[in-house]
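J.: Got a file for you: my_file19.csv, CSV, N, CA and C atoms.
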chain,number,residue,atom,x,y,z
A,300,MET,N,10.6,-70.2,10.0
A,300,MET,CA,9.8,-69.0,9.8
A,300,MET,C,8.5,-69.1,10.5
A,301,TYR,N,8.1,-68.1,11.2
A,301,TYR,CA,6.9,-68.0,12.0
A,301,TYR,C,5.9,-67.0,11.3
A,302,THR,N,4.7,-67.4,11.2
A,302,THR,CA,3.7,-66.5,10.4
A,302,THR,C,2.4,-66.4,11.1
A,303,ALA,N,1.8,-65.2,11.0
A,303,ALA,CA,0.4,-65.0,11.5
A,303,ALA,C,-0.2,-64.0,10.5
A,304,THR,N,-1.5,-64.2,10.3
A,304,THR,CA,-2.3,-63.3,9.4
A,304,THR,C,-3.4,-62.7,10.1
A,305,THR,N,-3.6,-61.4,10.1
A,305,THR,CA,-4.7,-60.7,10.7
A,305,THR,C,-5.2,-59.7,9.7
A,306,ARG,N,-6.5,-59.8,9.4
A,306,ARG,CA,-7.2,-58.8,8.5
A,306,ARG,C,-6.4,-58.7,7.2
A,307,ALA,N,-6.0,-59.8,6.6
A,307,ALA,CA,-5.3,-60.0,5.3
A,307,ALA,C,-3.9,-59.3,5.3
A,308,ILE,N,-3.3,-59.1,6.5
A,308,ILE,CA,-1.9,-58.6,6.6
A,308,ILE,C,-1.1,-59.8,7.2
A,309,ARG,N,-0.2,-60.3,6.5
A,309,ARG,CA,0.6,-61.4,6.9
A,309,ARG,C,1.9,-60.9,7.5
A,310,VAL,N,2.3,-61.4,8.7
A,310,VAL,CA,3.5,-61.0,9.3
A,310,VAL,C,4.3,-62.3,9.5
A,311,SER,N,5.5,-62.4,8.9
A,311,SER,CA,6.4,-63.5,9.0
A,311,SER,C,7.7,-63.1,9.7
A,312,VAL,N,8.2,-63.9,10.6
A,312,VAL,CA,9.4,-63.6,11.4
A,312,VAL,C,10.4,-64.8,11.3
A,313,GLU,N,11.7,-64.4,11.1
A,313,GLU,CA,12.7,-65.4,11.1
A,313,GLU,C,13.8,-65.0,12.1
A,314,PRO,N,13.9,-65.7,13.3
A,314,PRO,CA,15.0,-65.3,14.2
A,314,PRO,C,16.3,-65.9,13.8
A,315,ILE,N,17.4,-65.2,14.1
A,315,ILE,CA,18.7,-65.6,13.8
A,315,ILE,C,19.6,-65.4,15.0
A,316,TYR,N,20.2,-66.4,15.5
A,316,TYR,CA,21.2,-66.3,16.7
A,316,TYR,C,22.5,-65.6,16.2
A,317,LEU,N,22.9,-64.6,16.9
A,317,LEU,CA,24.2,-63.9,16.5
A,317,LEU,C,25.3,-64.3,17.4
A,318,ASP,N,26.0,-65.4,17.0
A,318,ASP,CA,27.1,-66.0,17.8
A,318,ASP,C,28.2,-65.0,18.0
A,319,GLN,N,28.5,-64.2,17.0
A,319,GLN,CA,29.6,-63.2,17.1
A,319,GLN,C,29.4,-62.1,18.1
A,320,GLN,N,28.1,-61.8,18.4
A,320,GLN,CA,27.7,-60.7,19.3
A,320,GLN,C,27.4,-61.2,20.7
A,321,SER,N,27.3,-62.5,20.8
A,321,SER,CA,26.9,-63.1,22.1
A,321,SER,C,28.1,-63.5,22.9
A,322,SER,N,27.9,-63.6,24.2
A,322,SER,CA,29.0,-64.0,25.1
A,322,SER,C,28.4,-64.8,26.2
A,323,PRO,N,28.2,-66.1,26.0
A,323,PRO,CA,27.5,-67.0,27.0
A,323,PRO,C,28.2,-66.9,28.4
A,324,ALA,N,29.5,-66.7,28.4
A,324,ALA,CA,30.2,-66.7,29.7
A,324,ALA,C,29.8,-65.5,30.5
A,325,ASP,N,29.2,-64.4,29.8
A,325,ASP,CA,28.7,-63.2,30.5
A,325,ASP,C,27.2,-63.2,30.5
A,326,ALA,N,26.6,-64.3,30.2
A,326,ALA,CA,25.1,-64.4,30.2
A,326,ALA,C,24.5,-63.3,29.3
A,327,HIS,N,25.1,-63.2,28.1
A,327,HIS,CA,24.7,-62.2,27.1
A,327,HIS,C,24.5,-63.0,25.7
A,328,TYR,N,23.2,-63.1,25.3
A,328,TYR,CA,22.9,-63.8,24.1
A,328,TYR,C,22.1,-62.8,23.2
A,329,VAL,N,22.5,-62.8,21.9
A,329,VAL,CA,21.9,-61.8,21.0
A,329,VAL,C,21.3,-62.5,19.8
A,330,TRP,N,20.1,-62.0,19.4
A,330,TRP,CA,19.4,-62.5,18.2
A,330,TRP,C,19.0,-61.3,17.4
A,331,ALA,N,19.1,-61.6,16.1
A,331,ALA,CA,18.4,-60.7,15.1
A,331,ALA,C,17.1,-61.4,14.7
A,332,TYR,N,16.2,-60.6,14.3
A,332,TYR,CA,14.9,-61.2,13.7
A,332,TYR,C,14.6,-60.4,12.5
A,333,HIS,N,14.3,-61.1,11.4
A,333,HIS,CA,13.9,-60.5,10.1
A,333,HIS,C,12.4,-60.6,10.0
A,334,VAL,N,11.8,-59.5,9.8
A,334,VAL,CA,10.3,-59.4,9.7
A,334,VAL,C,9.9,-59.0,8.3
A,335,LYS,N,8.9,-59.7,7.8
A,335,LYS,CA,8.3,-59.4,6.5
A,335,LYS,C,6.8,-59.2,6.7
A,336,ILE,N,6.3,-58.0,6.3
A,336,ILE,CA,4.9,-57.7,6.5
A,336,ILE,C,4.3,-57.5,5.1
A,337,SER,N,3.3,-58.3,4.8
A,337,SER,CA,2.7,-58.4,3.4
A,337,SER,C,1.2,-58.0,3.5
A,338,ASN,N,0.8,-57.0,2.7
A,338,ASN,CA,-0.6,-56.6,2.7
A,338,ASN,C,-1.2,-57.4,1.6
A,339,GLU,N,-2.0,-58.4,2.0
A,339,GLU,CA,-2.7,-59.3,1.1
A,339,GLU,C,-4.2,-58.9,0.9
A,340,GLY,N,-4.5,-57.7,1.5
A,340,GLY,CA,-5.9,-57.2,1.4
A,340,GLY,C,-6.1,-56.3,0.2
A,341,GLU,N,-7.2,-55.6,0.3
A,341,GLU,CA,-7.6,-54.7,-0.8
A,341,GLU,C,-7.5,-53.2,-0.5
A,342,ALA,N,-7.0,-52.9,0.7
A,342,ALA,CA,-7.0,-51.5,1.1
A,342,ALA,C,-5.5,-51.2,1.6
A,343,THR,N,-5.1,-50.0,1.4
A,343,THR,CA,-3.8,-49.5,1.9
A,343,THR,C,-3.9,-49.4,3.4
A,344,VAL,N,-2.8,-49.7,4.0
A,344,VAL,CA,-2.6,-49.6,5.5
A,344,VAL,C,-1.3,-49.0,5.8
A,345,GLN,N,-1.2,-48.4,7.0
A,345,GLN,CA,0.0,-47.9,7.5
A,345,GLN,C,0.3,-48.5,8.9
A,346,LEU,N,1.6,-48.8,9.1
A,346,LEU,CA,2.0,-49.3,10.4
A,346,LEU,C,2.4,-48.1,11.3
A,347,LEU,N,1.8,-47.9,12.4
A,347,LEU,CA,2.0,-46.8,13.3
A,347,LEU,C,2.8,-47.1,14.5
A,348,THR,N,2.5,-48.2,15.1
A,348,THR,CA,3.2,-48.6,16.4
A,348,THR,C,3.6,-50.0,16.5
A,349,ARG,N,4.4,-50.3,17.5
A,349,ARG,CA,4.8,-51.7,17.7
A,349,ARG,C,4.7,-52.0,19.2
A,350,HIS,N,4.4,-53.2,19.6
A,350,HIS,CA,4.4,-53.7,21.0
A,350,HIS,C,5.0,-55.0,21.0
A,351,TRP,N,6.1,-55.2,21.7
A,351,TRP,CA,6.7,-56.5,21.8
A,351,TRP,C,6.6,-57.0,23.3
A,352,ARG,N,6.5,-58.3,23.5
A,352,ARG,CA,6.5,-58.9,24.8
A,352,ARG,C,7.7,-59.9,24.7
A,353,ILE,N,8.7,-59.7,25.4
A,353,ILE,CA,9.9,-60.5,25.3
A,353,ILE,C,10.1,-61.3,26.6
A,354,THR,N,10.1,-62.6,26.6
A,354,THR,CA,10.2,-63.4,27.8
A,354,THR,C,11.5,-64.2,27.7
A,355,ASP,N,12.4,-64.1,28.7
A,355,ASP,CA,13.6,-64.9,28.7
A,355,ASP,C,13.4,-66.3,29.3
A,356,GLY,N,14.4,-67.1,29.3
A,356,GLY,CA,14.3,-68.5,29.7
A,356,GLY,C,13.9,-68.7,31.1
A,357,LEU,N,14.0,-67.6,32.0
A,357,LEU,CA,13.6,-67.7,33.4
A,357,LEU,C,12.2,-67.2,33.6
A,358,GLY,N,11.5,-66.8,32.5
A,358,GLY,CA,10.1,-66.3,32.6
A,358,GLY,C,10.0,-64.8,32.9
A,359,ARG,N,11.1,-64.1,32.9
A,359,ARG,CA,11.1,-62.6,33.1
A,359,ARG,C,10.6,-62.0,31.8
A,360,VAL,N,9.7,-61.0,32.0
A,360,VAL,CA,9.1,-60.4,30.8
A,360,VAL,C,9.5,-58.9,30.7
A,361,GLN,N,9.8,-58.5,29.5
A,361,GLN,CA,10.1,-57.1,29.1
A,361,GLN,C,9.1,-56.7,28.0
A,362,GLU,N,8.5,-55.6,28.2
A,362,GLU,CA,7.6,-55.1,27.2
A,362,GLU,C,8.2,-53.8,26.5
A,363,VAL,N,8.1,-53.8,25.2
A,363,VAL,CA,8.6,-52.7,24.5
A,363,VAL,C,7.5,-52.1,23.6
A,364,ARG,N,7.3,-50.8,23.7
A,364,ARG,CA,6.3,-50.1,22.9
A,364,ARG,C,6.9,-48.9,22.3
A,365,GLY,N,6.5,-48.6,21.1
A,365,GLY,CA,7.0,-47.4,20.4
A,365,GLY,C,6.4,-47.1,19.1
A,366,ALA,N,6.8,-46.0,18.5
A,366,ALA,CA,6.3,-45.6,17.2
A,366,ALA,C,7.0,-46.4,16.1
A,367,GLY,N,6.3,-46.9,15.1
A,367,GLY,CA,6.9,-47.5,13.9
A,367,GLY,C,7.8,-48.7,14.2
A,368,VAL,N,8.6,-49.0,13.2
A,368,VAL,CA,9.7,-50.0,13.3
A,368,VAL,C,10.9,-49.4,12.7
A,369,VAL,N,12.1,-49.7,13.3
A,369,VAL,CA,13.4,-49.2,12.8
A,369,VAL,C,13.3,-47.7,12.3
A,370,GLY,N,12.5,-46.9,13.0
A,370,GLY,CA,12.4,-45.5,12.7
A,370,GLY,C,11.5,-45.2,11.5
A,371,GLU,N,10.7,-46.1,11.1
A,371,GLU,CA,9.8,-45.9,10.0
A,371,GLU,C,8.4,-46.2,10.3
A,372,GLN,N,7.4,-45.6,9.6
A,372,GLN,CA,6.0,-46.0,9.7
A,372,GLN,C,5.5,-46.3,8.3
A,373,PRO,N,5.9,-47.4,7.8
A,373,PRO,CA,5.6,-47.7,6.4
A,373,PRO,C,4.1,-47.8,6.0
A,374,VAL,N,3.9,-47.4,4.8
A,374,VAL,CA,2.6,-47.5,4.2
A,374,VAL,C,2.6,-48.6,3.2
A,375,LEU,N,1.7,-49.5,3.2
A,375,LEU,CA,1.6,-50.7,2.3
A,375,LEU,C,0.3,-50.7,1.5
A,376,ALA,N,0.5,-50.5,0.2
A,376,ALA,CA,-0.7,-50.6,-0.7
A,376,ALA,C,-1.0,-52.1,-0.8
A,377,PRO,N,-2.1,-52.4,-1.4
A,377,PRO,CA,-2.5,-53.8,-1.6
A,377,PRO,C,-1.4,-54.5,-2.4
A,378,GLY,N,-0.9,-55.7,-2.0
A,378,GLY,CA,0.1,-56.4,-2.7
A,378,GLY,C,1.5,-56.1,-2.3
A,379,GLU,N,1.7,-55.0,-1.5
A,379,GLU,CA,3.1,-54.6,-1.2
A,379,GLU,C,3.6,-55.3,0.1
A,380,THR,N,4.9,-55.4,0.2
A,380,THR,CA,5.6,-56.0,1.3
A,380,THR,C,6.6,-55.1,1.8
A,381,TYR,N,6.8,-55.0,3.1
A,381,TYR,CA,7.8,-54.3,3.8
A,381,TYR,C,8.6,-55.2,4.7
A,382,GLU,N,9.9,-55.1,4.6
A,382,GLU,CA,10.8,-56.0,5.4
A,382,GLU,C,11.8,-55.1,6.2
A,383,TYR,N,12.1,-55.6,7.4
A,383,TYR,CA,13.2,-55.0,8.2
A,383,TYR,C,13.8,-56.0,9.1
A,384,THR,N,15.0,-55.7,9.6
A,384,THR,CA,15.7,-56.6,10.6
A,384,THR,C,16.0,-55.7,11.8
A,385,SER,N,15.8,-56.3,13.0
A,385,SER,CA,16.1,-55.7,14.2
A,385,SER,C,16.7,-56.8,15.1
A,386,GLY,N,16.9,-56.5,16.4
A,386,GLY,CA,17.5,-57.5,17.3
A,386,GLY,C,17.1,-57.3,18.7
A,387,THR,N,17.5,-58.3,19.5
A,387,THR,CA,17.3,-58.2,21.0
A,387,THR,C,18.3,-59.1,21.7
A,388,PRO,N,18.8,-58.6,22.8
A,388,PRO,CA,19.7,-59.4,23.7
A,388,PRO,C,18.8,-60.1,24.8
A,389,LEU,N,19.3,-61.2,25.3
A,389,LEU,CA,18.7,-61.8,26.4
A,389,LEU,C,19.8,-62.3,27.4
A,390,PRO,N,19.5,-62.4,28.7
A,390,PRO,CA,20.5,-62.9,29.7
A,390,PRO,C,20.4,-64.4,29.8
A,391,THR,N,19.6,-65.1,29.0
A,391,THR,CA,19.5,-66.5,29.0
A,391,THR,C,19.6,-67.0,27.6
A,392,PRO,N,20.0,-68.3,27.4
A,392,PRO,CA,20.2,-68.9,26.1
A,392,PRO,C,18.9,-69.2,25.3
A,393,SER,N,17.8,-68.9,25.9
A,393,SER,CA,16.5,-69.1,25.2
A,393,SER,C,15.5,-68.1,25.6
A,394,GLY,N,14.5,-67.9,24.8
A,394,GLY,CA,13.4,-67.0,25.2
A,394,GLY,C,12.3,-67.1,24.1
A,395,ILE,N,11.4,-66.2,24.2
A,395,ILE,CA,10.3,-66.1,23.2
A,395,ILE,C,9.8,-64.7,23.1
A,396,MET,N,9.5,-64.3,21.9
A,396,MET,CA,9.0,-63.0,21.6
A,396,MET,C,7.6,-63.1,20.9
A,397,LEU,N,6.8,-62.1,21.1
A,397,LEU,CA,5.5,-62.0,20.4
A,397,LEU,C,5.1,-60.6,20.5
A,398,GLY,N,4.0,-60.2,19.8
A,398,GLY,CA,3.6,-58.8,19.9
A,398,GLY,C,2.5,-58.5,18.9
A,399,SER,N,2.4,-57.1,18.7
A,399,SER,CA,1.4,-56.6,17.7
A,399,SER,C,1.9,-55.3,17.1
A,400,TYR,N,1.4,-55.0,16.0
A,400,TYR,CA,1.6,-53.7,15.3
A,400,TYR,C,0.3,-53.0,15.3
A,401,GLY,N,0.3,-51.7,15.6
A,401,GLY,CA,-0.8,-50.9,15.5
A,401,GLY,C,-0.9,-50.3,14.1
A,402,MET,N,-2.0,-50.5,13.5
A,402,MET,CA,-2.2,-50.2,12.1
A,402,MET,C,-3.2,-49.1,11.9
A,403,LYS,N,-3.2,-48.4,10.7
A,403,LYS,CA,-4.3,-47.5,10.4
A,403,LYS,C,-4.7,-47.8,9.0
A,404,GLY,N,-6.0,-48.0,8.7
A,404,GLY,CA,-6.5,-48.2,7.4
A,404,GLY,C,-6.7,-46.9,6.6
A,405,GLU,N,-6.9,-47.0,5.3
A,405,GLU,CA,-7.0,-45.8,4.5
A,405,GLU,C,-8.3,-45.0,4.9
A,406,ASN,N,-9.2,-45.7,5.6
A,406,ASN,CA,-10.5,-45.0,6.1
A,406,ASN,C,-10.3,-44.3,7.4
A,407,GLY,N,-9.0,-44.5,8.0
A,407,GLY,CA,-8.7,-43.9,9.3
A,407,GLY,C,-8.9,-44.8,10.5
A,408,GLU,N,-9.5,-46.0,10.2
A,408,GLU,CA,-9.7,-47.0,11.3
A,408,GLU,C,-8.4,-47.5,11.8
A,409,ARG,N,-8.3,-47.6,13.1
A,409,ARG,CA,-7.1,-48.1,13.8
A,409,ARG,C,-7.4,-49.5,14.3
A,410,PHE,N,-6.4,-50.4,14.1
A,410,PHE,CA,-6.6,-51.8,14.5
A,410,PHE,C,-5.2,-52.4,14.8
A,411,ASP,N,-5.1,-53.5,15.5
A,411,ASP,CA,-3.9,-54.2,15.8
A,411,ASP,C,-3.8,-55.5,15.0
A,412,ILE,N,-2.6,-55.8,14.5
A,412,ILE,CA,-2.3,-57.1,13.9
A,412,ILE,C,-1.3,-57.9,14.7
A,413,GLU,N,-1.4,-59.2,14.6
A,413,GLU,CA,-0.6,-60.1,15.4
A,413,GLU,C,0.8,-60.2,14.8
A,414,ILE,N,1.8,-60.2,15.7
A,414,ILE,CA,3.1,-60.7,15.4
A,414,ILE,C,3.2,-62.1,16.0
A,415,PRO,N,3.5,-63.1,15.2
A,415,PRO,CA,3.5,-64.4,15.7
A,415,PRO,C,4.5,-64.6,16.8
A,416,ALA,N,4.2,-65.5,17.8
A,416,ALA,CA,5.2,-65.9,18.8
A,416,ALA,C,6.3,-66.6,18.1
A,417,PHE,N,7.6,-66.3,18.4
A,417,PHE,CA,8.7,-67.0,17.9
A,417,PHE,C,9.8,-67.3,18.9
A,418,SER,N,10.4,-68.4,18.8
A,418,SER,CA,11.3,-68.9,19.8
A,418,SER,C,12.7,-68.4,19.5
A,419,LEU,N,13.4,-68.0,20.6
A,419,LEU,CA,14.8,-67.6,20.5
A,419,LEU,C,15.6,-68.7,21.2
A,420,ASP,N,16.4,-69.4,20.4
A,420,ASP,CA,17.2,-70.5,21.0
A,420,ASP,C,18.6,-70.5,20.5
A,421,CYS,N,19.5,-70.5,21.5
A,421,CYS,CA,21.0,-70.6,21.2
A,421,CYS,C,21.2,-72.0,20.7
A,422,PRO,N,21.8,-72.1,19.5
A,422,PRO,CA,22.0,-73.5,19.0
A,422,PRO,C,23.0,-74.3,19.7
A,423,ASP,N,23.8,-73.7,20.6
A,423,ASP,CA,24.8,-74.5,21.4
A,423,ASP,C,24.3,-75.0,22.7
A,424,GLU,N,23.0,-74.7,23.1
A,424,GLU,CA,22.4,-75.0,24.3
A,424,GLU,C,21.3,-76.0,24.1
A,425,PRO,N,21.0,-76.8,25.1
A,425,PRO,CA,19.9,-77.7,25.0
A,425,PRO,C,18.6,-76.9,24.8
A,426,LYS,N,17.7,-77.4,24.0
A,426,LYS,CA,16.4,-76.8,23.8
A,426,LYS,C,15.6,-76.7,25.1
A,427,GLN,N,14.9,-75.6,25.3
A,427,GLN,CA,14.1,-75.4,26.5
A,427,GLN,C,12.7,-74.9,26.0
A,428,LEU,N,11.6,-75.4,26.5
A,428,LEU,CA,10.3,-75.0,26.2
A,428,LEU,C,10.1,-73.6,26.9
A,429,ASN,N,9.6,-72.7,26.1
A,429,ASN,CA,9.4,-71.3,26.6
A,429,ASN,C,7.9,-71.0,26.5
Would you mind giving the structure from this file in structure tokens?

T.:
Amino acid sequence: MYTATTRAIRVSVEPIYLDQQSSPADAHYVWAYHVKISNEGEATVQLLTRHWRITDGLGRVQEVRGAGVVGEQPVLAPGETYEYTSGTPLPTPSGIMLGSYGMKGENGERFDIEIPAFSLDCPDEPKQLN
């Protein structure tokens, strides 16, 4: 589990290699990642946007930006947690992801929170530093 906390909002990510959806012979490797966002602060916040930076094992970078996560823009009151699972394919057996969520506070202030960097590693391949 990888974790980062920004402004009392904790983001934890657990990557899971999806062997059944991957095809190493075709250079197609797939991971799911389970994200847990916990509001440990004293104010209600809303997740508005996401920004991912996905780097494969050869250093090629793909950036993904969009509204919300899995079609939602969740509101988290103090003490609440929101969880979702998504996924990403890579053409290499390893990579790394990191990013940020664009948030809005109950006072209308907009700010970014960190999504921790997490490693994507095929369990059948030698580990590679990304």

J.: Write out as JSON lines the residues of range 366-397 of chain A that have any atom within 6 Å of an atom of range 333-344 of chain A, one row each with the nearest atom pair and its distance in Å to one decimal, counting only N, CA and C atoms, sorted by chain and then rising number.

T.:
{"residue": "A:Pro373", "atom": "C", "partner": "A:Val344", "partner_atom": "C", "distance": 5.5}
{"residue": "A:Val374", "atom": "CA", "partner": "A:Val344", "partner_atom": "C", "distance": 4.5}
{"residue": "A:Leu375", "atom": "N", "partner": "A:Val344", "partner_atom": "C", "distance": 4.0}
{"residue": "A:Ala376", "atom": "CA", "partner": "A:Thr343", "partner_atom": "CA", "distance": 4.2}
{"residue": "A:Pro377", "atom": "N", "partner": "A:Ala342", "partner_atom": "C", "distance": 4.7}
{"residue": "A:Gly378", "atom": "N", "partner": "A:Asn338", "partner_atom": "C", "distance": 4.0}
{"residue": "A:Glu379", "atom": "C", "partner": "A:Asn338", "partner_atom": "N", "distance": 4.2}
{"residue": "A:Thr380", "atom": "CA", "partner": "A:Ile336", "partner_atom": "C", "distance": 4.3}
{"residue": "A:Tyr381", "atom": "C", "partner": "A:Ile336", "partner_atom": "N", "distance": 4.0}
{"residue": "A:Glu382", "atom": "CA", "partner": "A:Val334", "partner_atom": "C", "distance": 4.3}
{"residue": "A:Tyr383", "atom": "C", "partner": "A:Val334", "partner_atom": "N", "distance": 4.1}
{"residue": "A:Thr384", "atom": "CA", "partner": "A:His333", "partner_atom": "CA", "distance": 4.3}
{"residue": "A:Ser385", "atom": "N", "partner": "A:His333", "partner_atom": "N", "distance": 5.3}

J.: Hey, what's within 12 Å of Arg359 in chain A if we count only C-alpha atoms and toss same-chain stuff fewer than 3 positions away? As a PyMOL selection string, please?

T.: chain A and resi 352-356+362+389-391+393-396+429

J.: Using only C-alpha atoms, find the one residue out of A:Tyr301, A:Tyr400, A:Tyr316, A:Phe417 that sits nearest to Pro388 in chain A.

T.: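 Looking at the shortest contact to Pro388 in chain A, the residue is A:Tyr316.
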
J.: May I have all residues of chain A that DSSP, computed from the backbone, assigns to strand (DSSP E or B), given as a PyMOL selection string?

T.: chain A and resi 301-305+308-316+322+327-338+344-355+360-366+368+371+374-375+380-389+393-404+409-420

J.: Identify which of the residues A:Pro314, A:Gly370, A:Gly386, A:Pro392 lies closest to His327 in chain A, counting all atoms listed in the file when measuring atom-to-atom distances.

T.: A:Pro392

J.: In Å, with one decimal, what is the gap from atom N of Gly358 in chain A to atom N of Cys421 in chain A?

T.: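 Computing it gives 14.1 Å between the two atoms.
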
J.: What lies within 7 Å of Thr304 in chain A using all atoms listed in the file, ignoring chain neighbours under 6 positions off, as a PyMOL selection string?

T.: chain A and resi 310+412-413

J.: What's the separation between CA of Leu317 in chain A and atom N of Thr387 in chain A, in Å to one decimal place?

T.: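 Result for CA of Leu317 in chain A versus atom N of Thr387 in chain A: 9.2 Å, one decimal.
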